[in-house]
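**Student:** final_6.cif is reproduced below (mmCIF, C-alpha atoms).
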data_model
#
loop_
_atom_site.group_PDB
_atom_site.id
_atom_site.type_symbol
_atom_site.label_atom_id
_atom_site.label_comp_id
_atom_site.auth_asym_id
_atom_site.auth_seq_id
_atom_site.Cartn_x
_atom_site.Cartn_y
_atom_site.Cartn_z
ATOM 1 C CA MET K 26 -3.554 39.198 24.474
ATOM 2 C CA GLY K 27 -0.458 39.388 22.310
ATOM 3 C CA GLU K 28 1.237 36.045 21.710
ATOM 4 C CA ASP K 29 -0.588 32.742 21.655
ATOM 5 C CA PRO K 30 -0.687 31.076 25.091
ATOM 6 C CA ASP K 31 1.112 27.798 25.730
ATOM 7 C CA ALA K 32 -2.084 26.350 27.205
ATOM 8 C CA VAL K 33 -5.783 27.134 27.262
ATOM 9 C CA ILE K 34 -7.695 25.530 30.119
ATOM 10 C CA VAL K 35 -11.472 25.410 30.171
ATOM 11 C CA GLY K 36 -12.849 25.283 33.698
ATOM 12 C CA ALA K 37 -11.530 26.778 36.929
ATOM 13 C CA GLY K 38 -12.383 23.842 39.147
ATOM 14 C CA ILE K 39 -9.933 21.750 41.134
ATOM 15 C CA ILE K 40 -8.109 20.272 38.142
ATOM 16 C CA GLY K 41 -8.209 23.380 35.950
ATOM 17 C CA CYS K 42 -6.827 25.650 38.682
ATOM 18 C CA SER K 43 -4.184 23.148 39.784
ATOM 19 C CA LEU K 44 -3.011 22.676 36.205
ATOM 20 C CA ALA K 45 -2.995 26.427 35.512
ATOM 21 C CA VAL K 46 -0.869 27.177 38.593
ATOM 22 C CA THR K 47 1.521 24.312 37.862
ATOM 23 C CA LEU K 48 2.056 25.377 34.233
ATOM 24 C CA ALA K 49 2.464 29.039 35.215
ATOM 25 C CA LYS K 50 5.094 28.073 37.800
ATOM 26 C CA GLN K 51 6.960 26.343 34.961
ATOM 27 C CA GLY K 52 7.032 29.651 33.095
ATOM 28 C CA ARG K 53 4.330 28.790 30.582
ATOM 29 C CA SER K 54 1.693 31.278 29.524
ATOM 30 C CA VAL K 55 -1.774 30.050 30.438
ATOM 31 C CA VAL K 56 -5.284 31.243 29.698
ATOM 32 C CA ILE K 57 -8.013 29.801 31.894
ATOM 33 C CA ILE K 58 -11.652 30.170 30.885
ATOM 34 C CA GLU K 59 -14.425 29.912 33.472
ATOM 35 C CA ARG K 60 -18.099 30.745 33.057
ATOM 36 C CA ASP K 61 -18.521 32.053 36.612
ATOM 37 C CA TRP K 62 -15.573 33.092 38.827
ATOM 38 C CA SER K 63 -17.700 33.588 41.952
ATOM 39 C CA GLU K 64 -17.453 31.109 44.826
ATOM 40 C CA PRO K 65 -19.509 28.011 44.007
ATOM 41 C CA ASP K 66 -22.554 27.948 46.277
ATOM 42 C CA ARG K 67 -23.620 24.352 46.470
ATOM 43 C CA ILE K 68 -24.590 22.251 49.427
ATOM 44 C CA VAL K 69 -21.583 19.994 49.176
ATOM 45 C CA GLY K 70 -18.634 19.187 51.346
ATOM 46 C CA GLU K 71 -15.340 17.843 50.164
ATOM 47 C CA LEU K 72 -13.219 15.064 51.625
ATOM 48 C CA LEU K 73 -9.685 15.211 50.355
ATOM 49 C CA GLN K 74 -7.988 11.888 51.009
ATOM 50 C CA PRO K 75 -4.352 11.866 52.205
ATOM 51 C CA GLY K 76 -3.115 11.305 48.635
ATOM 52 C CA GLY K 77 -4.867 14.511 47.584
ATOM 53 C CA VAL K 78 -3.277 16.469 50.429
ATOM 54 C CA LYS K 79 0.099 15.042 49.404
ATOM 55 C CA ALA K 80 -0.515 16.034 45.752
ATOM 56 C CA LEU K 81 -1.465 19.600 46.757
ATOM 57 C CA THR K 82 1.715 19.803 48.813
ATOM 58 C CA LYS K 83 3.818 18.569 45.887
ATOM 59 C CA LEU K 84 2.206 21.165 43.595
ATOM 60 C CA GLY K 85 2.866 23.932 46.118
ATOM 61 C CA LEU K 86 -0.858 24.446 46.698
ATOM 62 C CA ARG K 87 -1.285 23.101 50.239
ATOM 63 C CA ASP K 88 -1.862 26.638 51.503
ATOM 64 C CA CYS K 89 -5.172 26.542 49.604
ATOM 65 C CA LEU K 90 -6.431 24.409 52.514
ATOM 66 C CA GLU K 91 -5.841 27.290 54.934
ATOM 67 C CA GLY K 92 -8.490 29.795 56.016
ATOM 68 C CA ILE K 93 -11.417 27.632 54.900
ATOM 69 C CA ASP K 94 -12.096 25.795 58.171
ATOM 70 C CA ALA K 95 -10.594 22.602 56.728
ATOM 71 C CA ILE K 96 -10.898 19.872 59.333
ATOM 72 C CA PRO K 97 -8.088 17.317 59.620
ATOM 73 C CA GLU K 98 -9.290 13.756 59.056
ATOM 74 C CA TYR K 99 -7.294 10.707 60.095
ATOM 75 C CA GLY K 100 -9.527 7.902 58.870
ATOM 76 C CA TYR K 101 -13.056 6.584 59.039
ATOM 77 C CA GLN K 102 -15.239 5.370 61.835
ATOM 78 C CA VAL K 103 -17.965 2.844 61.153
ATOM 79 C CA ILE K 104 -20.460 1.253 63.485
ATOM 80 C CA TYR K 105 -20.884 -2.500 63.266
ATOM 81 C CA LYS K 106 -23.387 -4.156 65.603
ATOM 82 C CA ASN K 107 -23.364 -1.086 67.876
ATOM 83 C CA GLU K 108 -19.568 -1.188 68.118
ATOM 84 C CA LYS K 109 -17.448 1.668 66.789
ATOM 85 C CA VAL K 110 -14.641 0.548 64.510
ATOM 86 C CA LEU K 111 -11.883 3.010 63.605
ATOM 87 C CA ILE K 112 -10.255 2.601 60.193
ATOM 88 C CA PRO K 113 -7.248 4.936 60.207
ATOM 89 C CA TYR K 114 -5.470 6.328 57.188
ATOM 90 C CA ILE K 115 -2.065 4.645 57.047
ATOM 91 C CA ALA K 116 0.692 5.661 54.608
ATOM 92 C CA GLN K 117 2.844 3.116 52.781
ATOM 93 C CA ASP K 118 5.589 3.725 55.340
ATOM 94 C CA LYS K 119 3.074 2.729 58.070
ATOM 95 C CA THR K 120 2.802 6.252 59.516
ATOM 96 C CA ALA K 121 -0.505 7.958 60.145
ATOM 97 C CA CYS K 122 -1.488 10.491 57.518
ATOM 98 C CA GLU K 123 -4.016 13.267 57.224
ATOM 99 C CA GLY K 124 -6.872 14.052 54.902
ATOM 100 C CA ARG K 125 -9.003 17.192 55.076
ATOM 101 C CA SER K 126 -12.719 17.909 54.893
ATOM 102 C CA PHE K 127 -13.982 21.352 53.932
ATOM 103 C CA HIS K 128 -16.574 23.407 52.092
ATOM 104 C CA HIS K 129 -16.069 22.880 48.355
ATOM 105 C CA GLY K 130 -16.697 26.495 47.326
ATOM 106 C CA ARG K 131 -14.152 27.939 49.745
ATOM 107 C CA PHE K 132 -11.483 25.552 48.495
ATOM 108 C CA ILE K 133 -12.242 26.437 44.857
ATOM 109 C CA SER K 134 -12.041 30.142 45.745
ATOM 110 C CA ASN K 135 -8.579 29.628 47.265
ATOM 111 C CA LEU K 136 -7.422 27.725 44.183
ATOM 112 C CA ARG K 137 -8.723 30.536 41.969
ATOM 113 C CA ARG K 138 -6.811 33.095 44.052
ATOM 114 C CA ALA K 139 -3.679 30.990 43.491
ATOM 115 C CA VAL K 140 -4.338 31.193 39.740
ATOM 116 C CA GLU K 141 -4.739 34.967 39.940
ATOM 117 C CA ALA K 142 -1.485 35.260 41.939
ATOM 118 C CA CYS K 143 0.377 33.384 39.181
ATOM 119 C CA SER K 144 -1.059 35.543 36.424
ATOM 120 C CA GLY K 145 0.636 38.616 37.946
#
If you took the structure in this file and wrote it as structure tokens, what would it be?
**Tutor:**
Amino acid sequence: MGEDPDAVIVGAGIIGCSLAVTLAKQGRSVVIIERDWSEPDRIVGELLQPGGVKALTKLGLRDCLEGIDAIPEYGYQVIYKNEKVLIPYIAQDKTACEGRSFHHGRFISNLRRAVEACSG
């Protein structure tokens, strides 16, 4: 391995991968440790709220939402006394904003590929 890394991250989940890519883009040497690098296979979906989509964009990781059948979400719909009520996502500037729903494992796999691309 040579020199000591600037950071050692344990866990290649959403936070670990995002942090590893961000630090690597800053020119820091990063080691990320993960028990199993295969795509997580759990029966779980993911709903990334608009703030999460904005954070991914700011980190340069928005492309990790591509190719995983991520479905744009613009709010919630609830049923109250047999009437549908739409609760849209609204940004602070009063514009509509978008969240995304997707399969958790596919998203993690894309984040892990972003880590691998930074490790060159």
**Student:** On this file, the PyMOL selection byres ((chain K and resi 100) around 7) gives some set of residues; write that set as a ChimeraX atom specification.
**Tutor:** /K:98-99,101-102,112-114
**Student:** Taking (2.6, 27.7, 31.6) in the file's own coordinates, collect the residues within 10 Å, counting only C-alpha atoms, and hand them back as an MDAnalysis selection string.
**Tutor:** chainID K and resid 30:33 44:56 143:144
**Student:** Using the chain letters and numbers from the file, give me the residues hit by the PyMOL selection byres ((chain K and resi 117-132) around 8), as a PyMOL selection string.
**Tutor:** chain K and resi 64-67+69-78+89-90+93-100+113-116+133-136
**Student:** For the PyMOL selection byres ((chain K and resi 85) around 10), applied here, can you spell out every residue it catches as a list in words?
**Tutor:**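 Applying the expression gives Ser43, Val46, Thr47, Lys50, Lys79, Ala80, Leu81, Thr82, Lys83, Leu84, Leu86, Arg87, Asp88, Cys89 and Ala139 of chain K.
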**Student:** What separation in Å, quoted to one decimal, exists between CA of Gly36 in chain K and CA of Asp61 in chain K?
**Tutor:**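 Computing the Euclidean distance for CA of Gly36 in chain K and CA of Asp61 in chain K yields 9.3 Å.
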**Student:** Could you pull range 120-141 of chain K out of the structure I just pasted and write it to a file containing N, CA and C atoms, as an mmCIF file, in the first residue's frame?
**Tutor:**
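The resulting file, decode06.cif, is shown below:
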data_model
loop_
_atom_site.group_PDB
_atom_site.id
_atom_site.type_symbol
_atom_site.label_atom_id
_atom_site.label_comp_id
_atom_site.auth_asym_id
_atom_site.auth_seq_id
_atom_site.Cartn_x
_atom_site.Cartn_y
_atom_site.Cartn_z
ATOM 1 N N THR K 120 -40.525 26.373 -5.925
ATOM 2 C CA THR K 120 -40.586 25.600 -7.159
ATOM 3 C C THR K 120 -40.745 24.122 -6.818
ATOM 4 N N ALA K 121 -41.322 23.388 -7.739
ATOM 5 C CA ALA K 121 -41.462 21.948 -7.540
ATOM 6 C C ALA K 121 -40.076 21.316 -7.579
ATOM 7 N N CYS K 122 -39.890 20.254 -6.846
ATOM 8 C CA CYS K 122 -38.601 19.571 -6.872
ATOM 9 C C CYS K 122 -38.833 18.068 -6.919
ATOM 10 N N GLU K 123 -37.781 17.346 -7.201
ATOM 11 C CA GLU K 123 -37.883 15.929 -7.506
ATOM 12 C C GLU K 123 -37.090 15.065 -6.550
ATOM 13 N N GLY K 124 -37.731 14.020 -6.074
ATOM 14 C CA GLY K 124 -37.051 12.951 -5.361
ATOM 15 C C GLY K 124 -36.945 11.772 -6.318
ATOM 16 N N ARG K 125 -36.388 10.681 -5.857
ATOM 17 C CA ARG K 125 -36.276 9.476 -6.686
ATOM 18 C C ARG K 125 -36.513 8.239 -5.831
ATOM 19 N N SER K 126 -37.206 7.274 -6.393
ATOM 20 C CA SER K 126 -37.337 5.963 -5.744
ATOM 21 C C SER K 126 -36.640 4.930 -6.625
ATOM 22 N N PHE K 127 -36.028 3.937 -5.987
ATOM 23 C CA PHE K 127 -35.226 2.972 -6.733
ATOM 24 C C PHE K 127 -34.925 1.765 -5.868
ATOM 25 N N HIS K 128 -34.328 0.763 -6.494
ATOM 26 C CA HIS K 128 -33.880 -0.439 -5.797
ATOM 27 C C HIS K 128 -32.570 -0.111 -5.080
ATOM 28 N N HIS K 129 -32.530 -0.335 -3.801
ATOM 29 C CA HIS K 129 -31.376 0.012 -2.964
ATOM 30 C C HIS K 129 -30.069 -0.580 -3.493
ATOM 31 N N GLY K 130 -30.075 -1.870 -3.800
ATOM 32 C CA GLY K 130 -28.846 -2.545 -4.222
ATOM 33 C C GLY K 130 -28.250 -1.980 -5.495
ATOM 34 N N ARG K 131 -29.095 -1.600 -6.443
ATOM 35 C CA ARG K 131 -28.592 -1.029 -7.693
ATOM 36 C C ARG K 131 -27.932 0.325 -7.449
ATOM 37 N N PHE K 132 -28.525 1.106 -6.572
ATOM 38 C CA PHE K 132 -27.953 2.414 -6.237
ATOM 39 C C PHE K 132 -26.598 2.239 -5.559
ATOM 40 N N ILE K 133 -26.514 1.318 -4.601
ATOM 41 C CA ILE K 133 -25.247 1.046 -3.912
ATOM 42 C C ILE K 133 -24.191 0.591 -4.924
ATOM 43 N N SER K 134 -24.583 -0.269 -5.864
ATOM 44 C CA SER K 134 -23.636 -0.732 -6.878
ATOM 45 C C SER K 134 -23.098 0.430 -7.703
ATOM 46 N N ASN K 135 -23.961 1.373 -8.073
ATOM 47 C CA ASN K 135 -23.495 2.552 -8.818
ATOM 48 C C ASN K 135 -22.558 3.410 -7.978
ATOM 49 N N LEU K 136 -22.864 3.579 -6.710
ATOM 50 C CA LEU K 136 -21.959 4.339 -5.834
ATOM 51 C C LEU K 136 -20.605 3.641 -5.726
ATOM 52 N N ARG K 137 -20.625 2.327 -5.639
ATOM 53 C CA ARG K 137 -19.361 1.573 -5.525
ATOM 54 C C ARG K 137 -18.544 1.687 -6.816
ATOM 55 N N ARG K 138 -19.216 1.724 -7.962
ATOM 56 C CA ARG K 138 -18.503 1.931 -9.223
ATOM 57 C C ARG K 138 -17.868 3.325 -9.254
ATOM 58 N N ALA K 139 -18.555 4.305 -8.665
ATOM 59 C CA ALA K 139 -17.980 5.656 -8.588
ATOM 60 C C ALA K 139 -16.728 5.650 -7.727
ATOM 61 N N VAL K 140 -16.737 4.868 -6.648
ATOM 62 C CA VAL K 140 -15.546 4.736 -5.800
ATOM 63 C C VAL K 140 -14.410 4.110 -6.600
ATOM 64 N N GLU K 141 -14.707 3.047 -7.311
ATOM 65 C CA GLU K 141 -13.678 2.368 -8.113
ATOM 66 C C GLU K 141 -13.109 3.313 -9.182
#
